[in-house]
$ cat my_file_2.txt   # compact mmCIF, C-alpha atoms and all ligand atoms
# COMPACT_ATOMS: atom_id res chain seq x y z
CA MET A 1 0.00 0.00 0.00
CA SER A 2 1.33 3.43 -0.84
CA ARG A 3 0.03 6.94 -0.25
CA HIS A 4 -0.17 9.55 -2.95
CA GLN A 5 -1.11 13.18 -3.24
CA LEU A 6 -2.68 15.15 -6.02
CA ASP A 7 -2.80 18.92 -6.26
CA CYS A 8 -5.93 20.07 -8.09
CA ARG A 9 -5.97 23.62 -6.78
CA ARG A 10 -7.46 26.17 -9.17
CA LEU A 11 -8.78 23.49 -11.47
CA LEU A 12 -12.48 23.65 -12.14
CA CYS A 13 -14.73 20.64 -12.40
CA PRO A 14 -14.56 18.29 -14.16
CA MET A 15 -10.78 18.70 -14.38
CA PRO A 16 -10.12 17.50 -10.80
CA VAL A 17 -12.23 14.41 -11.50
CA ILE A 18 -10.26 13.72 -14.67
CA ARG A 19 -6.98 14.08 -12.78
CA VAL A 20 -8.17 11.75 -10.05
CA GLN A 21 -9.38 9.22 -12.61
CA ASN A 22 -6.06 9.26 -14.47
CA LYS A 23 -4.05 9.06 -11.27
CA VAL A 24 -6.08 6.18 -9.87
CA ALA A 25 -5.54 4.28 -13.13
CA GLU A 26 -1.80 4.22 -12.25
CA LEU A 27 -2.36 3.04 -8.67
CA GLN A 28 -2.84 -0.39 -7.14
CA PRO A 29 -5.79 -1.64 -5.10
CA GLY A 30 -5.27 -0.59 -1.49
CA ASP A 31 -3.32 2.55 -2.41
CA GLU A 32 -4.56 5.80 -0.92
CA LEU A 33 -4.86 9.15 -2.59
CA GLU A 34 -5.30 12.58 -1.07
CA VAL A 35 -6.61 15.28 -3.39
CA VAL A 36 -6.51 18.99 -2.61
CA CYS A 37 -8.89 21.20 -4.60
CA THR A 38 -10.31 24.71 -4.60
CA ASP A 39 -13.49 24.16 -6.63
CA PRO A 40 -16.27 23.28 -4.15
CA GLY A 41 -17.87 21.16 -6.88
CA VAL A 42 -15.43 18.36 -6.06
CA MET A 43 -17.30 17.69 -2.83
CA GLN A 44 -20.07 16.21 -4.99
CA ASP A 45 -18.20 15.08 -8.06
CA ILE A 46 -15.33 13.09 -6.57
CA PRO A 47 -17.57 11.11 -4.18
CA ALA A 48 -19.91 10.40 -7.12
CA TRP A 49 -16.96 9.30 -9.21
CA CYS A 50 -15.82 6.99 -6.39
CA ARG A 51 -19.26 5.43 -6.06
CA ILE A 52 -19.55 4.82 -9.80
CA ASN A 53 -16.14 3.24 -10.08
CA GLY A 54 -16.24 1.34 -6.83
CA HIS A 55 -13.49 3.16 -4.93
CA LEU A 56 -13.73 3.99 -1.27
CA LEU A 57 -14.01 7.59 -0.11
CA LEU A 58 -12.39 7.69 3.31
CA ASP A 59 -12.86 11.30 4.19
CA GLN A 60 -13.74 14.74 2.81
CA GLN A 61 -13.15 18.04 4.53
CA VAL A 62 -12.88 21.79 4.06
CA ARG A 63 -9.79 23.55 5.37
CA ASP A 64 -9.06 27.23 4.69
CA ASP A 65 -11.14 27.36 1.52
CA GLU A 66 -9.56 24.16 0.29
CA TYR A 67 -11.39 20.91 -0.24
CA ILE A 68 -9.48 17.82 0.72
CA LEU A 69 -10.63 14.35 -0.21
CA HIS A 70 -9.08 11.11 0.73
CA LEU A 71 -9.81 7.87 -1.08
CA ARG A 72 -8.71 4.29 -1.26
CA VAL A 73 -8.37 2.47 -4.56
CA GLN A 74 -10.43 -0.71 -4.63
CA GLY A 75 -10.36 -3.81 -6.77
CA ASP A 76 -9.74 -3.51 -10.48
CA PRO A 77 -9.13 0.19 -10.96
CA HIS A 78 -10.17 0.15 -14.63
CA MET B 1 -22.19 -13.79 -25.19
CA GLN B 2 -23.02 -10.46 -23.67
CA ARG B 3 -22.33 -7.64 -26.13
CA LYS B 4 -20.71 -4.44 -24.97
CA ALA B 5 -21.53 -0.91 -26.01
CA VAL B 6 -19.83 2.35 -25.20
CA ALA B 7 -22.19 5.29 -24.86
CA LEU B 8 -21.49 8.97 -25.43
CA ILE B 9 -22.79 10.55 -22.26
CA SER B 10 -23.46 14.27 -22.35
CA GLY B 11 -25.30 14.43 -19.06
CA GLY B 12 -28.61 15.21 -20.72
CA LEU B 13 -31.77 13.15 -20.83
CA ASP B 14 -31.28 11.63 -24.28
CA SER B 15 -28.09 9.76 -23.58
CA LEU B 16 -29.51 8.64 -20.25
CA LEU B 17 -32.47 7.07 -22.03
CA ALA B 18 -30.39 5.59 -24.84
CA VAL B 19 -28.28 3.67 -22.33
CA ARG B 20 -31.27 2.50 -20.38
CA VAL B 21 -32.92 1.17 -23.55
CA MET B 22 -29.78 -0.83 -24.28
CA GLN B 23 -29.55 -2.16 -20.75
CA ASP B 24 -33.12 -3.40 -21.11
CA GLN B 25 -31.92 -5.47 -24.03
CA GLY B 26 -29.17 -7.05 -21.99
CA ILE B 27 -26.29 -5.00 -23.40
CA TYR B 28 -23.38 -4.17 -21.10
CA VAL B 29 -22.72 -0.42 -21.28
CA GLU B 30 -19.95 1.90 -20.17
CA GLY B 31 -20.03 5.65 -20.76
CA ILE B 32 -17.60 8.17 -22.16
CA ASN B 33 -17.87 11.85 -21.51
CA PHE B 34 -15.62 14.21 -23.43
CA PHE B 35 -14.33 17.37 -21.83
CA THR B 36 -13.71 20.00 -24.50
CA GLY B 37 -13.22 22.95 -22.18
CA PHE B 38 -16.45 24.51 -23.42
CA CYS B 39 -18.77 22.12 -21.62
CA VAL B 40 -21.60 23.77 -19.75
CA GLU B 41 -21.11 21.37 -16.87
CA GLY B 42 -19.34 22.62 -13.82
CA HIS B 43 -17.47 25.84 -14.24
CA THR B 44 -19.96 28.63 -14.05
CA HIS B 45 -21.59 27.06 -11.06
CA ALA B 46 -18.28 27.11 -9.32
CA ILE B 47 -17.59 30.68 -10.26
CA ARG B 48 -20.76 32.61 -9.60
CA LYS B 49 -21.77 32.85 -6.03
CA LYS B 50 -25.48 32.98 -6.67
CA ASP B 51 -25.32 29.59 -8.30
CA GLN B 52 -23.72 27.98 -5.31
CA LYS B 53 -27.00 27.84 -3.48
CA LYS B 54 -28.31 25.37 -6.01
CA PRO B 55 -27.17 21.84 -5.49
CA LYS B 56 -24.33 21.40 -7.86
CA ARG B 57 -23.54 18.21 -9.63
CA ASN B 58 -21.86 16.93 -12.72
CA ASN B 59 -24.72 15.60 -14.80
CA ALA B 60 -22.64 13.05 -16.68
CA LEU B 61 -21.57 11.49 -13.37
CA TRP B 62 -25.13 11.71 -12.14
CA CYS B 63 -26.41 9.87 -15.22
CA ALA B 64 -23.78 7.17 -14.84
CA GLU B 65 -24.79 6.66 -11.25
CA GLN B 66 -28.47 6.44 -12.15
CA LEU B 67 -27.65 3.85 -14.75
CA GLY B 68 -25.12 1.95 -12.68
CA ILE B 69 -22.47 2.21 -15.37
CA LYS B 70 -18.82 3.18 -15.36
CA LEU B 71 -18.02 6.58 -16.79
CA HIS B 72 -14.74 7.61 -18.36
CA ILE B 73 -14.22 11.35 -18.59
CA ILE B 74 -11.74 12.14 -21.29
CA ASP B 75 -9.84 15.38 -21.62
CA ILE B 76 -9.77 16.39 -25.30
CA VAL B 77 -9.10 20.09 -24.76
CA GLU B 78 -5.95 20.23 -26.91
CA GLU B 79 -7.11 18.08 -29.81
CA TYR B 80 -10.46 19.82 -29.84
CA LYS B 81 -8.93 23.16 -30.73
CA ASP B 82 -8.53 22.05 -34.33
CA ILE B 83 -12.25 21.41 -34.51
CA VAL B 84 -13.04 24.86 -33.19
CA PHE B 85 -10.54 26.59 -35.48
CA ASN B 86 -11.26 24.82 -38.75
CA PRO B 87 -14.50 22.91 -38.80
CA LYS B 88 -14.77 21.16 -42.15
CA TYR B 89 -18.55 21.49 -42.09
CA GLY B 90 -18.58 25.00 -40.66
CA TYR B 91 -20.24 26.52 -37.64
CA GLY B 92 -23.84 26.48 -36.49
CA ALA B 93 -25.70 29.61 -35.46
CA ASN B 94 -22.77 30.64 -33.26
CA LEU B 95 -19.24 29.27 -33.01
CA ASN B 96 -20.52 25.74 -32.47
CA PRO B 97 -18.94 23.30 -34.91
CA CYS B 98 -21.54 20.65 -34.04
CA LEU B 99 -21.17 18.30 -36.96
CA ASP B 100 -17.38 18.20 -36.83
CA CYS B 101 -17.61 17.88 -33.07
CA LYS B 102 -19.89 14.86 -33.33
CA ILE B 103 -17.63 13.21 -35.89
CA PHE B 104 -14.61 13.82 -33.69
CA MET B 105 -16.28 12.44 -30.58
CA VAL B 106 -17.52 9.34 -32.35
CA LYS B 107 -14.04 8.83 -33.79
CA LYS B 108 -12.49 9.08 -30.33
CA ALA B 109 -15.13 6.74 -28.94
CA LYS B 110 -14.35 4.30 -31.73
CA GLU B 111 -10.69 4.27 -30.70
CA TRP B 112 -11.76 3.63 -27.13
CA MET B 113 -14.14 0.88 -28.26
CA GLU B 114 -11.39 -0.88 -30.18
CA THR B 115 -8.82 -0.61 -27.41
CA HIS B 116 -11.25 -1.91 -24.81
CA ASP B 117 -12.78 -4.60 -26.95
CA PHE B 118 -16.31 -3.26 -27.04
CA ASP B 119 -18.71 -4.04 -29.88
CA PHE B 120 -20.48 -0.84 -30.79
CA ILE B 121 -21.23 2.76 -29.90
CA ILE B 122 -24.53 4.27 -28.84
CA THR B 123 -25.61 7.90 -28.69
CA GLY B 124 -28.78 9.61 -27.56
CA GLU B 125 -29.19 11.41 -30.87
CA VAL B 126 -32.66 11.96 -32.28
CA VAL B 127 -33.31 12.73 -35.95
CA GLY B 128 -34.26 16.37 -36.38
CA GLN B 129 -33.55 17.27 -32.78
CA ARG B 130 -30.86 19.80 -33.61
CA PRO B 131 -30.75 21.72 -36.85
CA LYS B 132 -27.06 21.27 -37.55
CA SER B 133 -25.84 17.98 -36.23
CA GLN B 134 -28.84 15.77 -35.77
CA ARG B 135 -30.44 15.69 -39.19
CA LYS B 136 -31.30 12.67 -41.24
CA ASP B 137 -28.75 13.69 -43.85
CA THR B 138 -25.94 14.44 -41.38
CA MET B 139 -26.23 11.20 -39.46
CA PRO B 140 -24.62 9.09 -42.22
CA VAL B 141 -21.88 11.75 -42.49
CA VAL B 142 -20.97 11.15 -38.85
CA GLN B 143 -20.84 7.41 -39.46
CA LYS B 144 -18.71 7.69 -42.56
CA ASP B 145 -16.28 10.41 -41.50
CA SER B 146 -15.67 8.91 -38.09
CA GLY B 147 -15.10 5.49 -39.64
CA ILE B 148 -17.57 3.82 -37.30
CA GLU B 149 -19.95 3.01 -40.17
CA ASP B 150 -22.72 0.69 -38.99
CA ARG B 151 -21.40 0.10 -35.49
CA LEU B 152 -23.12 3.26 -34.35
CA LEU B 153 -26.59 2.73 -32.95
CA ARG B 154 -28.98 5.50 -31.94
CA PRO B 155 -31.58 3.65 -29.88
CA LEU B 156 -34.00 6.58 -29.63
CA CYS B 157 -34.47 7.00 -33.37
CA ALA B 158 -33.08 3.76 -34.82
CA LYS B 159 -36.37 2.85 -36.44
CA ASN B 160 -36.11 5.92 -38.64
CA LEU B 161 -32.65 4.93 -39.82
CA PRO B 162 -31.13 2.06 -41.80
CA GLN B 163 -30.34 -1.10 -39.88
CA THR B 164 -27.04 -1.16 -38.07
CA LEU B 165 -24.73 -4.07 -37.37
CA PRO B 166 -26.00 -4.70 -33.81
CA GLU B 167 -29.53 -4.96 -35.21
CA ARG B 168 -28.57 -7.17 -38.15
CA GLU B 169 -26.63 -9.50 -35.91
CA SER B 170 -29.56 -9.58 -33.47
CA TRP B 171 -27.44 -8.31 -30.61
CA VAL B 172 -30.34 -5.93 -30.14
CA ASN B 173 -33.95 -6.22 -31.18
CA ARG B 174 -34.85 -3.44 -33.60
CA GLU B 175 -38.51 -3.80 -32.75
CA LYS B 176 -37.81 -2.63 -29.22
CA LEU B 177 -35.95 0.49 -30.32
CA TYR B 178 -37.62 3.85 -30.88
CA ASP B 179 -38.62 6.13 -33.72
CA PHE B 180 -38.40 9.55 -32.12
CA SER B 181 -37.90 12.49 -34.42
CA GLY B 182 -38.10 16.26 -34.39
CA ARG B 183 -37.66 18.86 -31.73
CA SER B 184 -40.43 17.82 -29.38
CA ARG B 185 -39.19 16.57 -26.04
CA LYS B 186 -42.44 14.89 -25.13
CA PRO B 187 -41.56 11.32 -26.18
CA GLN B 188 -38.33 11.50 -24.21
CA MET B 189 -40.12 12.82 -21.15
CA ALA B 190 -42.70 10.06 -21.38
CA LEU B 191 -39.98 7.44 -21.65
CA ALA B 192 -38.13 8.97 -18.71
CA LYS B 193 -41.30 8.65 -16.68
CA GLN B 194 -41.70 5.06 -17.73
CA PHE B 195 -38.17 4.29 -16.54
CA GLY B 196 -38.72 6.25 -13.36
CA PHE B 197 -36.07 8.91 -14.04
CA GLU B 198 -36.68 12.18 -12.27
CA ASP B 199 -34.66 15.30 -11.78
CA TYR B 200 -32.69 14.85 -15.00
CA ALA B 201 -30.93 17.74 -16.71
CA GLN B 202 -32.65 19.43 -19.63
CA PRO B 203 -30.13 21.85 -21.07
CA ALA B 204 -31.60 24.44 -23.38
CA GLY B 205 -29.64 25.09 -26.55
CA GLY B 206 -26.64 22.84 -26.87
CA CYS B 207 -24.28 20.98 -24.63
CA CYS B 208 -21.55 23.61 -24.74
CA PHE B 209 -20.76 27.29 -24.51
CA LEU B 210 -20.03 27.52 -28.21
CA THR B 211 -23.77 27.56 -28.86
CA ASP B 212 -24.09 30.66 -26.71
CA ALA B 213 -24.27 33.86 -28.77
CA GLN B 214 -22.63 36.11 -26.21
CA TYR B 215 -19.87 33.65 -25.53
CA SER B 216 -19.15 33.30 -29.24
CA VAL B 217 -18.90 37.08 -29.62
CA LYS B 218 -16.33 37.15 -26.83
CA LEU B 219 -14.31 34.36 -28.37
CA GLN B 220 -14.35 36.07 -31.75
CA ASP B 221 -13.23 39.30 -30.12
CA LEU B 222 -10.33 37.43 -28.54
CA TRP B 223 -9.26 35.96 -31.88
CA LYS B 224 -9.52 39.33 -33.58
CA ALA B 225 -7.45 41.04 -30.89
CA ARG B 226 -4.74 38.38 -31.00
CA GLY B 227 -4.64 38.26 -34.79
CA ASP B 228 -5.17 34.51 -34.94
CA LYS B 229 -7.51 31.82 -33.77
CA GLN B 230 -5.90 30.68 -30.56
CA TYR B 231 -7.00 30.01 -27.04
CA GLU B 232 -5.72 28.47 -23.88
CA MET B 233 -7.75 26.86 -21.15
CA ASP B 234 -7.49 30.03 -19.05
CA ASP B 235 -8.87 32.12 -21.91
CA ILE B 236 -11.94 30.01 -22.34
CA MET B 237 -12.55 29.97 -18.60
CA LEU B 238 -12.23 33.72 -18.34
CA LEU B 239 -14.66 34.26 -21.20
CA LYS B 240 -17.31 32.83 -18.90
CA VAL B 241 -16.63 35.32 -16.14
CA GLY B 242 -17.27 39.02 -15.57
CA ARG B 243 -17.92 41.89 -17.94
CA HIS B 244 -15.48 42.21 -20.77
CA ILE B 245 -14.63 45.70 -21.93
CA ARG B 246 -12.14 46.51 -24.66
CA PRO B 247 -11.34 50.23 -24.56
CA ALA B 248 -8.54 49.80 -27.12
CA PRO B 249 -7.70 47.02 -29.58
CA GLU B 250 -4.61 45.99 -27.64
CA TYR B 251 -6.14 45.25 -24.27
CA LYS B 252 -9.27 44.11 -22.56
CA LEU B 253 -10.63 44.46 -19.04
CA ILE B 254 -12.31 41.58 -17.27
CA ILE B 255 -14.32 43.06 -14.42
CA SER B 256 -15.99 40.92 -11.78
CA ARG B 257 -19.73 41.39 -11.35
CA GLU B 258 -20.09 39.89 -7.92
CA GLU B 259 -18.12 38.39 -5.08
CA GLY B 260 -17.85 34.89 -6.46
CA GLU B 261 -16.38 36.16 -9.70
CA GLY B 262 -14.02 38.47 -7.81
CA LYS B 263 -12.73 35.53 -5.85
CA PHE B 264 -12.30 33.48 -8.97
CA LEU B 265 -10.41 36.26 -10.78
CA GLN B 266 -8.09 36.66 -7.82
CA GLY B 267 -6.58 33.33 -8.69
CA TYR B 268 -5.33 34.82 -11.96
CA ARG B 269 -3.39 37.75 -10.50
CA LYS B 270 -0.06 36.11 -11.15
CA GLN B 271 -0.89 35.78 -14.84
CA TYR B 272 -2.61 39.10 -15.48
CA PRO B 273 -2.01 42.60 -14.12
CA SER B 274 -4.99 43.68 -12.05
CA LEU B 275 -6.83 46.65 -10.61
CA LYS B 276 -8.85 46.69 -7.40
CA THR B 277 -10.63 49.64 -5.84
CA THR B 278 -9.34 50.45 -2.36
CA SER B 279 -11.16 53.63 -1.32
CA HIS B 280 -14.57 52.09 -2.04
CA PRO B 281 -15.92 48.57 -2.26
CA GLY B 282 -15.71 47.52 -5.87
CA PRO B 283 -14.80 44.87 -8.38
CA LEU B 284 -11.54 43.18 -9.22
CA CYS B 285 -10.37 43.65 -12.77
CA LEU B 286 -7.82 41.70 -14.79
CA ILE B 287 -6.12 43.39 -17.72
CA ASP B 288 -5.56 41.10 -20.67
CA GLY B 289 -3.27 42.18 -23.50
CA ASP B 290 -0.47 44.65 -24.13
CA PHE B 291 -1.18 48.05 -22.79
CA ALA B 292 0.87 51.20 -22.32
CA GLU B 293 1.52 52.74 -18.93
CA GLU B 294 -0.77 55.69 -19.76
CA GLN B 295 -3.66 53.33 -20.43
CA ILE B 296 -3.73 52.17 -16.82
CA GLU B 297 -5.46 55.38 -15.84
CA GLN B 298 -8.16 54.90 -18.43
CA ALA B 299 -8.61 51.32 -17.26
CA ALA B 300 -8.80 52.47 -13.64
CA ARG B 301 -11.47 55.05 -14.52
CA ILE B 302 -13.58 52.32 -16.09
CA VAL B 303 -13.18 49.99 -13.12
CA ALA B 304 -14.01 52.84 -10.71
CA ARG B 305 -17.25 53.33 -12.61
CA TYR B 306 -18.36 49.89 -11.45
CA SER B 307 -17.43 50.48 -7.82
CA GLN B 308 -19.53 51.98 -5.06
CA GLY B 309 -17.56 55.17 -5.59
CA LYS B 310 -18.97 55.67 -9.05
CA ASN B 311 -20.47 59.03 -8.07
CA ALA B 312 -17.48 60.16 -6.02
CA ASP B 313 -15.04 62.78 -7.32
CA ALA B 314 -12.14 60.40 -6.98
CA VAL B 315 -11.62 56.69 -6.42
CA GLU B 316 -8.40 55.03 -5.39
CA LEU B 317 -7.31 51.74 -6.81
CA GLU B 318 -4.41 49.40 -6.41
CA TYR B 319 -2.65 48.40 -9.57
CA ARG B 320 -0.72 45.15 -9.28
CA ASP B 321 1.58 43.67 -11.89
CA THR B 322 2.13 39.96 -12.37
CA GLU B 323 5.18 40.00 -10.09
CA GLY B 324 3.07 41.34 -7.24
CA ASN B 325 4.45 44.92 -7.32
CA THR B 326 1.70 47.35 -6.43
CA ARG B 327 1.03 51.05 -6.64
CA GLN B 328 -1.91 53.32 -5.96
CA VAL B 329 -3.83 55.06 -8.72
CA LYS B 330 -6.29 57.86 -8.05
CA VAL B 331 -8.83 58.63 -10.74
CA ALA B 332 -12.19 60.20 -11.44
CA PRO B 333 -14.70 57.45 -12.30
CA LEU B 334 -15.65 57.43 -15.94
CA PRO B 335 -19.08 59.03 -16.44
CA PRO B 336 -21.54 56.57 -18.01
CA HIS B 337 -21.84 58.51 -21.29
CA GLU B 338 -18.11 58.19 -21.85
CA LEU B 339 -18.20 54.42 -21.75
CA LYS B 340 -18.54 53.66 -25.42
CA LYS B 341 -20.99 51.00 -26.41
CA GLU B 342 -18.57 49.39 -28.83
CA TRP B 343 -16.10 48.76 -26.00
CA VAL B 344 -18.44 46.31 -24.34
CA VAL B 345 -17.73 42.85 -25.70
S1 LIG A 401 -23.19 21.89 -28.76
FE1 LIG A 401 -20.96 21.91 -28.50
S2 LIG A 401 -20.46 19.91 -27.60
FE2 LIG A 401 -22.55 19.74 -28.44
S3 LIG A 401 -22.25 18.95 -30.53
FE3 LIG A 401 -22.29 21.18 -30.68
S4 LIG A 401 -20.16 21.82 -30.57
FE4 LIG A 401 -20.26 19.71 -29.80
$ encode --input "my_file_2.txt" --output "structure tokens" --more "lines below"
Ligand code: SF4
Amino acid sequence: MSRHQLDCRRLLCPMPVIRVQNKVAELQPGDELEVVCTDPGVMQDIPAWCRINGHLLLDQQVRDDEYILHLRVQGDPH
Amino acid sequence: MQRKAVALISGGLDSLLAVRVMQDQGIYVEGINFFTGFCVEGHTHAIRKKDQKKPKRNNALWCAEQLGIKLHIIDIVEEYKDIVFNPKYGYGANLNPCLDCKIFMVKKAKEWMETHDFDFIITGEVVGQRPKSQRKDTMPVVQKDSGIEDRLLRPLCAKNLPQTLPERESWVNREKLYDFSGRSRKPQMALAKQFGFEDYAQPAGGCCFLTDAQYSVKLQDLWKARGDKQYEMDDIMLLKVGRHIRPAPEYKLIISREEGEGKFLQGYRKQYPSLKTTSHPGPLCLIDGDFAEEQIEQAARIVARYSQGKNADAVELEYRDTEGNTRQVKVAPLPPHELKKEWVV
């Protein structure tokens, strides 16, 4: 298991989702990814993306106008 | 053997229904959503504060979730520029190159289909739905130019069109497909009801900003000012925000209209010089283009006109260059009659 980070600050949806999707495609099941964004839309879009693709959203929070989401890659990532 | 189809998902009702119709026939479906940079989804909601009260969602993701399918969002921003610059079949009412766009998307979907070993493509197109891209005579053009030929099935209007491979091979039953045509949305709404879909997106116009008249004018203005058809992602984002005023051919002002936009524009202050009123509450303005030192005052007078000090004798502003160096500018706000109509983009 490895931990990864992704900086999606200043990107507007759906760009953060695309970045997450492409990053997760490189990761292994069990790996964790933390994404930092500034578009509040990610609070809906990334969880929805996780549900659709069967990945586990561990946590989502707002800190100083930044939206931080934490997910775990599950099963076949593709 | 279960056949597999890849669906073009725009986030609207039609593609939602098209997939559902296929699922009813036992086809396995995954979705593709192309991000061109001009998509109506997302951006403006994020920018304008007033929109943030509405629940915000990405409709393509929402559709995929309703349907229980995987969705692949594909960034085609760079490749798409060619389509916007030189559409072989020209533009629609505004700068929307719909037919070329459709061909391009189907071609990309075909590549995806082949790489992932899928059998055919489906779209939610309906004959006669849109004047440029969804006509009976343009549909074969999409099939031919994209190279997909008869592996493209449009479940909502298939009965009005020649048989496709999935129908001929009995992967799907043509009898259970539909014969929708024309601009009426009633048949789609009835079918949505039948499937139990509620709260789906019904975008007016098209699926992207290029169908928007005002947006197209701004994009054309940008091309004219730069002397060639070019744009970067930041350009097309900024065209969605604020009022755009071009007091001289060489430069343009992008002035926020409310707090949300001001906040959004702030993020660009390292790329564009900016002006912000300091003596009175007022907007943030980015200056795009090459301007002379003396033009800053003119720009400041225009910005002051949109601040709460518009009737004051003088308004102070902070001018900031892209390095972060600042200085104060004191000006008389521009009287309304001096703001020329032709400046407003
Ligand atoms: S409206 Fe925009 S995205 Fe939709 S087909 Fe036309 S050009 Fe393409």
$ residues_near_ligand --input "my_file_2.txt" --ligand "ligand LIG 401 (chain A)" --cutoff "10 Å" --atoms "all atoms listed in the file" --output "count of residues only"
37
$ closest_residue --input "my_file_2.txt" --among "A:Val35, A:Val42, A:Ile52, A:Leu11" --to "chain B" --atoms "all atoms listed in the file"
A:Ile52
$ closest_atom_pairs --input "my_file_2.txt" --of "chain B" --to "chain A" --cutoff "8 Å" --atoms "all atoms listed in the file" --output "Markdown table"
| residue | atom | partner | partner_atom | distance |
| --- | --- | --- | --- | --- |
| B:Phe35 | CA | A:Pro14 | CA | 7.7 |
| B:Glu41 | CA | A:Pro14 | CA | 7.7 |
| B:Gly42 | CA | A:Cys13 | CA | 5.2 |
| B:His43 | CA | A:Leu12 | CA | 5.8 |
| B:Ala46 | CA | A:Asp39 | CA | 6.2 |
| B:Lys56 | CA | A:Gly41 | CA | 6.5 |
| B:Arg57 | CA | A:Gln44 | CA | 6.1 |
| B:Asn58 | CA | A:Asp45 | CA | 6.2 |
| B:Leu61 | CA | A:Ala48 | CA | 6.6 |
| B:Trp62 | CA | A:Ala48 | CA | 7.4 |
| B:Ala64 | CA | A:Ile52 | CA | 7.0 |
| B:Glu65 | CA | A:Ile52 | CA | 5.7 |
| B:Gly68 | CA | A:Ile52 | CA | 6.9 |
| B:Ile69 | CA | A:Ile52 | CA | 6.8 |
| B:Lys70 | CA | A:Ile52 | CA | 5.8 |
| B:Leu71 | CA | A:Ile52 | CA | 7.4 |
| B:Ile73 | CA | A:Ile18 | CA | 6.1 |
| B:Ile74 | CA | A:Ile18 | CA | 7.0 |
| B:Asp75 | CA | A:Ile18 | CA | 7.2 |
| B:Gly267 | CA | A:Arg10 | CA | 7.2 |
$ write_last_selection --input "my_file_2.txt" --atoms "C-alpha atoms" --output "PDB file, in the coordinates of the input"
ATOM      1  CA  PHE B  35     -14.330  17.370 -21.830  1.00  0.00           C
ATOM      2  CA  GLU B  41     -21.110  21.370 -16.870  1.00  0.00           C
ATOM      3  CA  GLY B  42     -19.340  22.620 -13.820  1.00  0.00           C
ATOM      4  CA  HIS B  43     -17.470  25.840 -14.240  1.00  0.00           C
ATOM      5  CA  ALA B  46     -18.280  27.110  -9.320  1.00  0.00           C
ATOM      6  CA  LYS B  56     -24.330  21.400  -7.860  1.00  0.00           C
ATOM      7  CA  ARG B  57     -23.540  18.210  -9.630  1.00  0.00           C
ATOM      8  CA  ASN B  58     -21.860  16.930 -12.720  1.00  0.00           C
ATOM      9  CA  LEU B  61     -21.570  11.490 -13.370  1.00  0.00           C
ATOM     10  CA  TRP B  62     -25.130  11.710 -12.140  1.00  0.00           C
ATOM     11  CA  ALA B  64     -23.780   7.170 -14.840  1.00  0.00           C
ATOM     12  CA  GLU B  65     -24.790   6.660 -11.250  1.00  0.00           C
ATOM     13  CA  GLY B  68     -25.120   1.950 -12.680  1.00  0.00           C
ATOM     14  CA  ILE B  69     -22.470   2.210 -15.370  1.00  0.00           C
ATOM     15  CA  LYS B  70     -18.820   3.180 -15.360  1.00  0.00           C
ATOM     16  CA  LEU B  71     -18.020   6.580 -16.790  1.00  0.00           C
ATOM     17  CA  ILE B  73     -14.220  11.350 -18.590  1.00  0.00           C
ATOM     18  CA  ILE B  74     -11.740  12.140 -21.290  1.00  0.00           C
ATOM     19  CA  ASP B  75      -9.840  15.380 -21.620  1.00  0.00           C
ATOM     20  CA  GLY B 267      -6.580  33.330  -8.690  1.00  0.00           C
TER      21      GLY B 267
END
$ closest_residue --input "my_file_2.txt" --among "B:Val315, B:Leu13, B:Val106, B:Leu156" --to "Ala60 in chain B" --atoms "all atoms listed in the file"
B:Leu13
$ residues_near_point --input "my_file_2.txt" --point "(-7.0, 43.8, -23.7)" --cutoff "12 Å" --atoms "all atoms listed in the file" --output "ChimeraX atom specification"
/B:218,221-226,235,244-255,272-274,285-292,295-296,299,343-345
$ closest_residue --input "my_file_2.txt" --among "B:Met1, B:Leu177, B:Val172, B:Leu16" --to "Ala158 in chain B" --atoms "all atoms listed in the file"
B:Leu177
$ closest_residue --input "my_file_2.txt" --among "A:Gln74, A:Glu32, A:Asp64, A:Leu6" --to "Val20 in chain A" --atoms "only C-alpha atoms"
A:Leu6
$ residues_around --input "my_file_2.txt" --residues "Gln25 in chain B" --least-positions-apart "4" --cutoff "12 Å" --atoms "all atoms listed in the file" --output "ChimeraX atom specification"
/B:2-5,18-21,29,155,166-167,170-177
$ write_last_selection --input "my_file_2.txt" --atoms "C-alpha atoms" --output "mmCIF file, keeping the file's coordinate frame"
data_model
loop_
_atom_site.group_PDB
_atom_site.id
_atom_site.type_symbol
_atom_site.label_atom_id
_atom_site.label_comp_id
_atom_site.auth_asym_id
_atom_site.auth_seq_id
_atom_site.Cartn_x
_atom_site.Cartn_y
_atom_site.Cartn_z
ATOM 1 C CA GLN B 2 -23.020 -10.460 -23.670
ATOM 2 C CA ARG B 3 -22.330 -7.640 -26.130
ATOM 3 C CA LYS B 4 -20.710 -4.440 -24.970
ATOM 4 C CA ALA B 5 -21.530 -0.910 -26.010
ATOM 5 C CA ALA B 18 -30.390 5.590 -24.840
ATOM 6 C CA VAL B 19 -28.280 3.670 -22.330
ATOM 7 C CA ARG B 20 -31.270 2.500 -20.380
ATOM 8 C CA VAL B 21 -32.920 1.170 -23.550
ATOM 9 C CA VAL B 29 -22.720 -0.420 -21.280
ATOM 10 C CA PRO B 155 -31.580 3.650 -29.880
ATOM 11 C CA PRO B 166 -26.000 -4.700 -33.810
ATOM 12 C CA GLU B 167 -29.530 -4.960 -35.210
ATOM 13 C CA SER B 170 -29.560 -9.580 -33.470
ATOM 14 C CA TRP B 171 -27.440 -8.310 -30.610
ATOM 15 C CA VAL B 172 -30.340 -5.930 -30.140
ATOM 16 C CA ASN B 173 -33.950 -6.220 -31.180
ATOM 17 C CA ARG B 174 -34.850 -3.440 -33.600
ATOM 18 C CA GLU B 175 -38.510 -3.800 -32.750
ATOM 19 C CA LYS B 176 -37.810 -2.630 -29.220
ATOM 20 C CA LEU B 177 -35.950 0.490 -30.320
#
